[in-house]
file structure14.txt (compact mmCIF, C-alpha atoms)
# COMPACT_ATOMS: atom_id res chain seq x y z
CA MET A 1 -80.36 -25.57 15.25
CA TYR A 2 -81.78 -22.13 16.00
CA CYS A 3 -79.39 -19.28 15.26
CA GLY A 4 -79.67 -15.53 15.59
CA ILE A 5 -77.73 -12.27 15.48
CA ALA A 6 -77.66 -9.79 18.36
CA ILE A 7 -75.81 -6.97 20.06
CA PHE A 8 -74.88 -6.94 23.73
CA PRO A 9 -74.67 -3.38 25.08
CA SER A 10 -72.13 -2.17 27.68
CA LYS A 11 -71.88 -3.83 31.09
CA GLU A 12 -73.49 -0.74 32.67
CA ILE A 13 -76.59 -1.14 30.52
CA GLN A 14 -76.69 -4.91 30.99
CA ASP A 15 -76.61 -4.43 34.76
CA ALA A 16 -79.41 -1.85 34.60
CA ALA A 17 -81.50 -4.07 32.32
CA ASN A 18 -80.92 -7.20 34.41
CA SER A 19 -82.29 -5.49 37.53
CA PHE A 20 -85.66 -5.36 35.70
CA ARG A 21 -85.35 -8.54 33.65
CA LYS A 22 -84.80 -10.57 36.81
CA ARG A 23 -88.38 -9.76 37.81
CA TYR A 24 -90.17 -9.33 34.50
CA ASP A 25 -88.45 -11.42 31.83
CA PRO A 26 -88.72 -15.25 31.77
CA HIS A 27 -85.73 -15.24 29.36
CA TYR A 28 -83.51 -13.73 32.08
CA ASN A 29 -81.54 -16.96 32.51
CA LEU A 30 -81.34 -17.83 28.82
CA ILE A 31 -79.39 -14.89 27.42
CA GLN A 32 -77.82 -11.65 28.61
CA PRO A 33 -79.57 -8.31 27.83
CA HIS A 34 -79.38 -7.71 24.10
CA LEU A 35 -80.79 -6.00 21.04
CA THR A 36 -81.82 -8.52 18.42
CA ILE A 37 -80.55 -7.85 14.91
CA LYS A 38 -81.94 -11.00 13.31
CA GLU A 39 -84.65 -13.14 14.88
CA LYS A 40 -83.89 -16.80 15.42
CA GLU A 41 -84.11 -19.14 12.48
CA GLN A 42 -83.49 -22.86 12.04
CA TRP A 43 -80.12 -23.32 10.33
CA ASN A 44 -77.85 -26.28 9.68
CA GLU A 45 -74.05 -26.20 10.12
CA ASP A 46 -73.54 -25.07 6.50
CA GLN A 47 -75.97 -22.17 6.87
CA LEU A 48 -74.27 -21.13 10.12
CA ALA A 49 -70.89 -21.17 8.35
CA ALA A 50 -72.34 -19.18 5.43
CA ALA A 51 -73.78 -16.61 7.85
CA ALA A 52 -70.38 -16.30 9.57
CA ALA A 53 -68.70 -15.71 6.19
CA HIS A 54 -71.36 -13.13 5.29
CA LEU A 55 -70.92 -11.29 8.61
CA GLU A 56 -67.11 -11.38 8.32
CA GLN A 57 -67.40 -9.70 4.93
CA ILE A 58 -70.19 -7.20 5.59
CA THR A 59 -68.89 -5.92 8.95
CA LYS A 60 -65.70 -4.75 7.21
CA SER A 61 -67.57 -1.76 5.86
CA ILE A 62 -69.81 -0.90 8.83
CA GLN A 63 -68.67 1.90 11.12
CA PRO A 64 -69.11 1.64 14.90
CA PHE A 65 -71.70 4.02 16.34
CA GLU A 66 -73.40 4.95 19.59
CA ILE A 67 -76.90 4.20 20.79
CA HIS A 68 -78.77 6.14 23.44
CA PHE A 69 -81.65 4.76 25.53
CA ASN A 70 -83.95 7.49 26.81
CA ARG A 71 -87.15 5.79 28.05
CA PHE A 72 -89.12 2.65 28.78
CA SER A 73 -91.76 1.73 26.25
CA SER A 74 -94.03 -1.17 25.29
CA PHE A 75 -95.29 -3.06 22.24
CA TYR A 76 -98.69 -3.49 23.89
CA PRO A 77 -101.26 -4.45 22.54
CA VAL A 78 -99.28 -6.20 19.75
CA ASN A 79 -97.03 -7.89 22.32
CA ASN A 80 -96.93 -7.73 26.10
CA VAL A 81 -93.33 -6.62 26.01
CA ILE A 82 -91.66 -3.78 27.93
CA TYR A 83 -88.36 -2.50 26.62
CA LEU A 84 -85.70 0.14 26.88
CA ALA A 85 -86.22 2.39 23.87
CA LEU A 86 -83.70 4.30 21.78
CA SER A 87 -83.93 8.07 21.31
CA ASP A 88 -82.93 7.53 17.67
CA THR A 89 -83.30 4.21 15.86
CA THR A 90 -81.75 5.29 12.53
CA GLU A 91 -78.31 3.70 12.94
CA MET A 92 -79.68 0.42 14.30
CA ILE A 93 -82.17 0.12 11.43
CA LYS A 94 -79.35 0.82 8.98
CA LEU A 95 -77.26 -1.89 10.68
CA HIS A 96 -80.16 -4.34 10.49
CA ASN A 97 -80.77 -3.57 6.83
CA THR A 98 -77.09 -4.01 5.97
CA ILE A 99 -76.65 -7.26 7.89
CA CYS A 100 -79.94 -8.96 7.06
CA THR A 101 -79.14 -9.45 3.41
CA ASP A 102 -77.93 -12.38 1.31
CA VAL A 103 -77.85 -15.59 3.43
CA CYS A 104 -78.96 -13.53 6.45
CA ARG A 105 -82.03 -12.00 4.84
CA GLU A 106 -85.15 -12.30 6.92
CA SER A 107 -88.21 -14.17 5.81
CA GLU A 108 -91.48 -12.29 5.54
CA LYS A 109 -92.37 -10.77 8.89
CA PRO A 110 -95.67 -9.28 10.00
CA TYR A 111 -94.05 -6.11 11.40
CA ALA A 112 -91.11 -3.85 10.64
CA TYR A 113 -87.79 -4.06 12.49
CA ASN A 114 -87.92 -2.00 15.68
CA PRO A 115 -84.65 -2.08 17.66
CA HIS A 116 -85.22 -2.46 21.40
CA LEU A 117 -83.81 -4.01 24.57
CA THR A 118 -86.47 -6.21 26.18
CA ILE A 119 -86.70 -5.97 29.96
CA GLY A 120 -90.09 -7.66 30.41
CA GLN A 121 -92.17 -10.12 28.40
CA GLU A 122 -95.01 -12.65 28.64
CA LEU A 123 -96.61 -10.35 31.23
CA GLY A 124 -100.32 -10.40 31.87
CA ALA A 125 -102.12 -7.21 30.67
CA ASP A 126 -102.69 -6.01 34.24
CA GLU A 127 -99.12 -6.65 35.30
CA LEU A 128 -97.81 -4.98 32.15
CA HIS A 129 -99.76 -1.83 32.89
CA ASP A 130 -98.68 -1.79 36.55
CA VAL A 131 -95.02 -2.21 35.68
CA LEU A 132 -95.13 0.20 32.77
CA SER A 133 -96.84 2.93 34.75
CA SER A 134 -94.16 2.64 37.45
CA LEU A 135 -91.35 2.76 34.86
CA LYS A 136 -92.67 5.35 32.44
CA ASN A 137 -91.71 8.33 34.58
CA ARG A 138 -88.24 7.05 35.37
CA LYS A 139 -85.42 9.07 33.87
CA VAL A 140 -83.38 6.97 31.45
CA ASN A 141 -80.11 8.23 30.02
CA LEU A 142 -77.88 5.34 28.98
CA THR A 143 -75.36 5.32 26.15
CA SER A 144 -73.52 2.36 24.66
CA LYS A 145 -71.16 2.02 21.73
CA VAL A 146 -72.05 -0.56 19.11
CA ASP A 147 -68.77 -1.85 17.72
CA ARG A 148 -69.50 -5.57 17.27
CA VAL A 149 -72.28 -8.03 16.48
CA HIS A 150 -72.63 -11.58 17.76
CA LEU A 151 -73.75 -14.69 15.92
CA LEU A 152 -75.41 -17.10 18.36
CA PHE A 153 -76.94 -20.56 18.46
CA GLN A 154 -79.46 -22.02 20.87
CA THR A 155 -78.98 -25.20 22.87
CA ASP A 156 -81.84 -27.61 23.62
CA ASN A 157 -82.60 -25.89 26.94
CA GLU A 158 -83.30 -22.66 24.96
CA ALA A 159 -80.22 -20.89 26.32
CA TRP A 160 -77.92 -19.13 23.85
CA THR A 161 -74.23 -19.64 23.13
CA VAL A 162 -72.17 -17.06 21.23
CA HIS A 163 -70.70 -18.76 18.17
CA GLN A 164 -68.65 -15.81 16.90
CA THR A 165 -68.29 -12.06 17.25
CA PHE A 166 -67.62 -9.66 14.39
CA LEU A 167 -66.10 -6.25 15.00
CA LEU A 168 -67.52 -3.36 12.97
CA ARG A 169 -64.41 -2.36 11.07
CA GLY A 170 -65.63 0.34 8.66
CA MET B 1 -65.02 -6.04 36.11
CA TYR B 2 -64.36 -9.78 36.20
CA CYS B 3 -63.10 -11.19 32.90
CA GLY B 4 -62.14 -14.68 31.80
CA ILE B 5 -61.26 -16.82 28.80
CA ALA B 6 -63.12 -20.01 27.90
CA ILE B 7 -64.06 -22.47 25.19
CA PHE B 8 -67.60 -23.54 24.41
CA PRO B 9 -67.73 -27.05 22.95
CA SER B 10 -70.12 -28.20 20.21
CA LYS B 11 -73.89 -27.94 20.69
CA GLU B 12 -74.07 -31.73 21.09
CA ILE B 13 -71.72 -31.62 24.06
CA GLN B 14 -73.39 -28.55 25.54
CA ASP B 15 -76.75 -30.33 25.39
CA ALA B 16 -75.32 -33.43 27.05
CA ALA B 17 -73.59 -31.37 29.74
CA ASN B 18 -76.68 -29.23 30.42
CA SER B 19 -78.79 -32.31 31.14
CA PHE B 20 -76.52 -32.87 34.16
CA ARG B 21 -75.71 -29.24 35.00
CA LYS B 22 -79.42 -28.48 35.32
CA ARG B 23 -79.51 -30.72 38.38
CA TYR B 24 -76.01 -30.47 39.81
CA ASP B 25 -74.49 -27.11 38.88
CA PRO B 26 -75.65 -23.85 40.53
CA HIS B 27 -73.90 -21.99 37.68
CA TYR B 28 -76.27 -23.56 35.15
CA ASN B 29 -78.05 -20.24 34.51
CA LEU B 30 -74.93 -18.07 34.53
CA ILE B 31 -72.96 -19.47 31.60
CA GLN B 32 -73.25 -22.19 29.00
CA PRO B 33 -71.14 -25.38 29.38
CA HIS B 34 -67.50 -24.49 28.89
CA LEU B 35 -63.86 -25.32 29.48
CA THR B 36 -62.11 -22.52 31.30
CA ILE B 37 -58.81 -21.39 29.79
CA LYS B 38 -58.15 -18.54 32.20
CA GLU B 39 -59.90 -18.15 35.54
CA LYS B 40 -61.73 -14.90 36.18
CA GLU B 41 -59.73 -11.86 37.18
CA GLN B 42 -60.67 -8.26 37.95
CA TRP B 43 -59.76 -6.11 34.92
CA ASN B 44 -60.49 -2.55 33.88
CA GLU B 45 -61.46 -1.51 30.32
CA ASP B 46 -57.82 -1.01 29.35
CA GLN B 47 -56.82 -4.47 30.55
CA LEU B 48 -59.75 -6.00 28.67
CA ALA B 49 -58.65 -4.20 25.50
CA ALA B 50 -55.06 -5.34 26.05
CA ALA B 51 -56.23 -8.95 26.51
CA ALA B 52 -58.25 -8.71 23.27
CA ALA B 53 -55.19 -7.43 21.41
CA HIS B 54 -53.07 -10.23 22.92
CA LEU B 55 -55.61 -12.88 21.92
CA GLU B 56 -55.97 -11.45 18.41
CA GLN B 57 -52.22 -11.77 17.96
CA ILE B 58 -51.56 -15.10 19.67
CA THR B 59 -54.47 -17.01 18.07
CA LYS B 60 -52.96 -16.34 14.63
CA SER B 61 -50.41 -19.06 15.24
CA ILE B 62 -52.54 -21.63 17.10
CA GLN B 63 -53.91 -24.54 15.07
CA PRO B 64 -57.46 -25.83 15.67
CA PHE B 65 -57.60 -29.28 17.24
CA GLU B 66 -60.04 -31.87 18.57
CA ILE B 67 -60.85 -32.81 22.14
CA HIS B 68 -62.38 -36.08 23.25
CA PHE B 69 -64.32 -36.61 26.47
CA ASN B 70 -64.25 -40.22 27.65
CA ARG B 71 -65.47 -40.25 31.27
CA PHE B 72 -66.87 -38.45 34.29
CA SER B 73 -64.41 -37.58 37.01
CA SER B 74 -64.12 -35.48 40.15
CA PHE B 75 -61.73 -33.14 41.93
CA TYR B 76 -62.85 -34.51 45.30
CA PRO B 77 -61.53 -34.02 47.99
CA VAL B 78 -59.83 -30.81 46.72
CA ASN B 79 -63.13 -29.53 45.32
CA ASN B 80 -66.61 -31.03 45.28
CA VAL B 81 -66.71 -30.76 41.51
CA ILE B 82 -67.81 -33.39 38.98
CA TYR B 83 -66.69 -32.92 35.40
CA LEU B 84 -66.49 -34.43 31.96
CA ALA B 85 -62.86 -35.46 31.55
CA LEU B 86 -60.66 -35.52 28.45
CA SER B 87 -58.95 -38.69 27.26
CA ASP B 88 -55.89 -36.56 26.43
CA THR B 89 -55.26 -33.13 27.94
CA THR B 90 -52.06 -32.34 26.02
CA GLU B 91 -53.51 -29.96 23.42
CA MET B 92 -55.64 -28.07 25.94
CA ILE B 93 -52.69 -27.59 28.28
CA LYS B 94 -50.61 -26.36 25.34
CA LEU B 95 -53.42 -23.93 24.43
CA HIS B 96 -53.61 -22.69 28.02
CA ASN B 97 -49.84 -22.23 28.22
CA THR B 98 -49.77 -20.31 24.93
CA ILE B 99 -52.70 -18.03 25.76
CA CYS B 100 -51.97 -17.35 29.42
CA THR B 101 -48.86 -15.32 28.75
CA ASP B 102 -48.08 -11.60 28.65
CA VAL B 103 -51.14 -9.56 29.80
CA CYS B 104 -53.09 -12.83 30.17
CA ARG B 105 -50.60 -14.60 32.40
CA GLU B 106 -52.13 -16.14 35.48
CA SER B 107 -51.24 -15.13 38.98
CA GLU B 108 -49.83 -17.76 41.34
CA LYS B 109 -52.30 -20.60 41.71
CA PRO B 110 -52.33 -23.41 44.23
CA TYR B 111 -52.83 -26.13 41.61
CA ALA B 112 -51.83 -26.82 38.02
CA TYR B 113 -54.17 -26.23 35.07
CA ASN B 114 -56.44 -29.20 34.53
CA PRO B 115 -58.81 -28.78 31.55
CA HIS B 116 -62.32 -30.01 32.33
CA LEU B 117 -66.00 -29.35 31.67
CA THR B 118 -67.81 -28.91 34.99
CA ILE B 119 -71.22 -30.58 35.21
CA GLY B 120 -71.65 -30.41 38.99
CA GLN B 121 -70.26 -28.22 41.78
CA GLU B 122 -70.89 -27.07 45.34
CA LEU B 123 -72.28 -30.53 46.08
CA GLY B 124 -72.30 -31.96 49.57
CA ALA B 125 -69.85 -34.88 50.04
CA ASP B 126 -72.68 -37.44 50.23
CA GLU B 127 -74.46 -36.08 47.16
CA LEU B 128 -71.17 -35.93 45.26
CA HIS B 129 -70.50 -39.60 45.93
CA ASP B 130 -74.06 -40.60 45.02
CA VAL B 131 -73.96 -38.71 41.74
CA LEU B 132 -70.44 -39.78 40.89
CA SER B 133 -71.12 -43.44 41.53
CA SER B 134 -74.14 -43.28 39.20
CA LEU B 135 -72.14 -41.50 36.49
CA LYS B 136 -68.81 -43.30 36.70
CA ASN B 137 -69.96 -46.35 34.78
CA ARG B 138 -71.69 -44.38 32.03
CA LYS B 139 -70.08 -44.67 28.63
CA VAL B 140 -68.84 -41.26 27.43
CA ASN B 141 -67.59 -40.76 23.90
CA LEU B 142 -67.93 -37.12 22.85
CA THR B 143 -65.70 -35.23 20.43
CA SER B 144 -65.58 -31.49 19.76
CA LYS B 145 -63.35 -29.37 17.61
CA VAL B 146 -61.63 -26.45 19.31
CA ASP B 147 -61.27 -23.72 16.69
CA ARG B 148 -61.99 -20.57 18.74
CA VAL B 149 -61.63 -19.07 22.19
CA HIS B 150 -63.95 -16.57 23.87
CA LEU B 151 -63.09 -13.56 26.01
CA LEU B 152 -65.90 -12.91 28.49
CA PHE B 153 -66.89 -10.45 31.17
CA GLN B 154 -69.22 -10.90 34.11
CA THR B 155 -72.22 -8.71 34.89
CA ASP B 156 -73.27 -7.83 38.45
CA ASN B 157 -75.67 -10.81 38.63
CA GLU B 158 -72.65 -13.12 38.03
CA ALA B 159 -73.80 -14.13 34.55
CA TRP B 160 -71.28 -13.98 31.71
CA THR B 161 -71.36 -12.05 28.43
CA VAL B 162 -69.07 -12.92 25.53
CA HIS B 163 -67.02 -9.84 24.70
CA GLN B 164 -65.19 -11.25 21.70
CA THR B 165 -64.31 -14.51 19.98
CA PHE B 166 -60.97 -15.33 18.41
CA LEU B 167 -60.63 -18.01 15.75
CA LEU B 168 -57.57 -20.26 15.96
CA ARG B 169 -55.95 -19.40 12.65
CA GLY B 170 -52.61 -21.25 12.76
call {"tool": "encode", "arguments": {"input": "structure14.txt", "output": "structure tokens"}}
result
Amino acid sequence: MYCGIAIFPSKEIQDAANSFRKRYDPHYNLIQPHLTIKEKEQWNEDQLAAAAAHLEQITKSIQPFEIHFNRFSSFYPVNNVIYLALSDTTEMIKLHNTICTDVCRESEKPYAYNPHLTIGQELGADELHDVLSSLKNRKVNLTSKVDRVHLLFQTDNEAWTVHQTFLLRG
Amino acid sequence: MYCGIAIFPSKEIQDAANSFRKRYDPHYNLIQPHLTIKEKEQWNEDQLAAAAAHLEQITKSIQPFEIHFNRFSSFYPVNNVIYLALSDTTEMIKLHNTICTDVCRESEKPYAYNPHLTIGQELGADELHDVLSSLKNRKVNLTSKVDRVHLLFQTDNEAWTVHQTFLLRG
């Protein structure tokens, strides 16, 4: 089954993100607003259990931190994605690099990890530019603590179920 | 915010349930297939934290167990709900009674706890009878281990986010 690792920000940020996702993100009904830590990968039950053991161990030494969203941005032209962007990505990249090791290491990827909260995707180029130009001047000032990560699996309808959460206990 | 406690069964059971929920359950997009342990209740951040502490403590002494679904059933005429029913509800009722204590105790409710996995709700009486009569003779034989419970909160769009999972470690 497909499994992945993600962070769900505070309810306040989820509500803000959902108000956009509802219109612009076809994944709106499949998962709540999140920041991906590890992209989905096909795992069997043993690999899922090994990932849970790895996360249980590694999160012991990770300290909780805060993230701050300060703007809307886009991956265009690489991807027609609009996202809430972080003012500083250092801590999230550190978290990703710590977690995605051992049984959770990522396979070769064409681009570097860039933490983000998607609010629109699979948009046509015209629609992307319309939406982005209307969002780019909006003031964004949203803060969320990151004190846990979630290990998830995907059901056949492509929706996600949380398998287990791991508190950052460093 | 609204918070609740639930169990998500195995992927196999979630997939089976979703094939029905897609057609008959308006909550299909709001949460994955689940068995409710504690109905939603309005809590503040402190109450959510207190519930997490309670669950962390109480799950230490609860042993994992198995549940077995053996039929479709309905709460009609009390509620126009169709659900996957358990062959034996003893362990789930025990789990509910252990968890719903202290800060997680339930307020007065008009009916006793009846563990179930909803696959249809808010159906008209005619539709309910049509669906139920087509499902009642289906063979059901689905087993899932119960080795964790999930504490969830609801966002403004009525979808649910898992706040924390607690392994049954007894």
call {"tool": "residues_around", "arguments": {"input": "structure14.txt", "residues": "Leu135 (chain A)", "least_positions_apart": "2", "cutoff": "10 Å", "atoms": "all atoms listed in the file", "output": "ChimeraX atom specification"}}
result
/A:20,71-73,82,129-133,137-140
call {"tool": "residues_around", "arguments": {"input": "structure14.txt", "residues": "Ala16 (chain A)", "least_positions_apart": "5", "cutoff": "10 Å", "atoms": "only C-alpha atoms", "output": "PyMOL selection string"}}
result
(chain A and resi 11+21+33+119+142) or (chain B and resi 155-156)
call {"tool": "interface_residues", "arguments": {"input": "structure14.txt", "of": "chain B", "to": "chain A", "cutoff": "9 Å", "atoms": "all atoms listed in the file", "output": "PyMOL selection string"}}
result
chain B and resi 1+8+11-12+14-15+18-19+28-32+148+150+153-157+159-167
call {"tool": "residues_around", "arguments": {"input": "structure14.txt", "residues": "Leu55 (chain A)", "least_positions_apart": "2", "cutoff": "9 Å", "atoms": "only C-alpha atoms", "output": "ChimeraX atom specification"}}
result
/A:50-53,57-60,99,104,149,151,166
call {"tool": "atom_distance", "arguments": {"input": "structure14.txt", "atom1": "CA of Glu41 (chain B)", "atom2": "CA of Glu106 (chain B)"}}
result
8.9 Å
call {"tool": "residues_around", "arguments": {"input": "structure14.txt", "residues": "Ala125 (chain B)", "least_positions_apart": "5", "cutoff": "10 Å", "atoms": "all atoms listed in the file", "output": "ChimeraX atom specification"}}
result
/B:76-77,79-81,130
call {"tool": "closest_residue", "arguments": {"input": "structure14.txt", "among": "A:Gly120, A:Lys94, A:Pro64, A:Glu39", "to": "Glu108 (chain A)", "atoms": "only C-alpha atoms"}}
result
A:Glu39
call {"tool": "atom_distance", "arguments": {"input": "structure14.txt", "atom1": "CA of Cys100 (chain B)", "atom2": "CA of Asn70 (chain B)"}}
result
26.0 Å
call {"tool": "closest_residue", "arguments": {"input": "structure14.txt", "among": "B:Phe69, B:Tyr24, B:Tyr2, B:Tyr113", "to": "Lys40 (chain B)", "atoms": "only C-alpha atoms"}}
result
B:Tyr2
call {"tool": "atom_distance", "arguments": {"input": "structure14.txt", "atom1": "CA of Trp43 (chain B)", "atom2": "CA of Asn114 (chain B)"}}
result
23.3 Å
call {"tool": "closest_residue", "arguments": {"input": "structure14.txt", "among": "B:Leu152, B:His116, B:Thr36, B:Thr143", "to": "His68 (chain B)", "atoms": "all atoms listed in the file"}}
result
B:Thr143
call {"tool": "residues_around", "arguments": {"input": "structure14.txt", "residues": "Met92 (chain A)", "least_positions_apart": "2", "cutoff": "10 Å", "atoms": "only C-alpha atoms", "output": "MDAnalysis selection string"}}
result
chainID A and resid 35 37 65:67 86 88:90 94:98 113:116 146
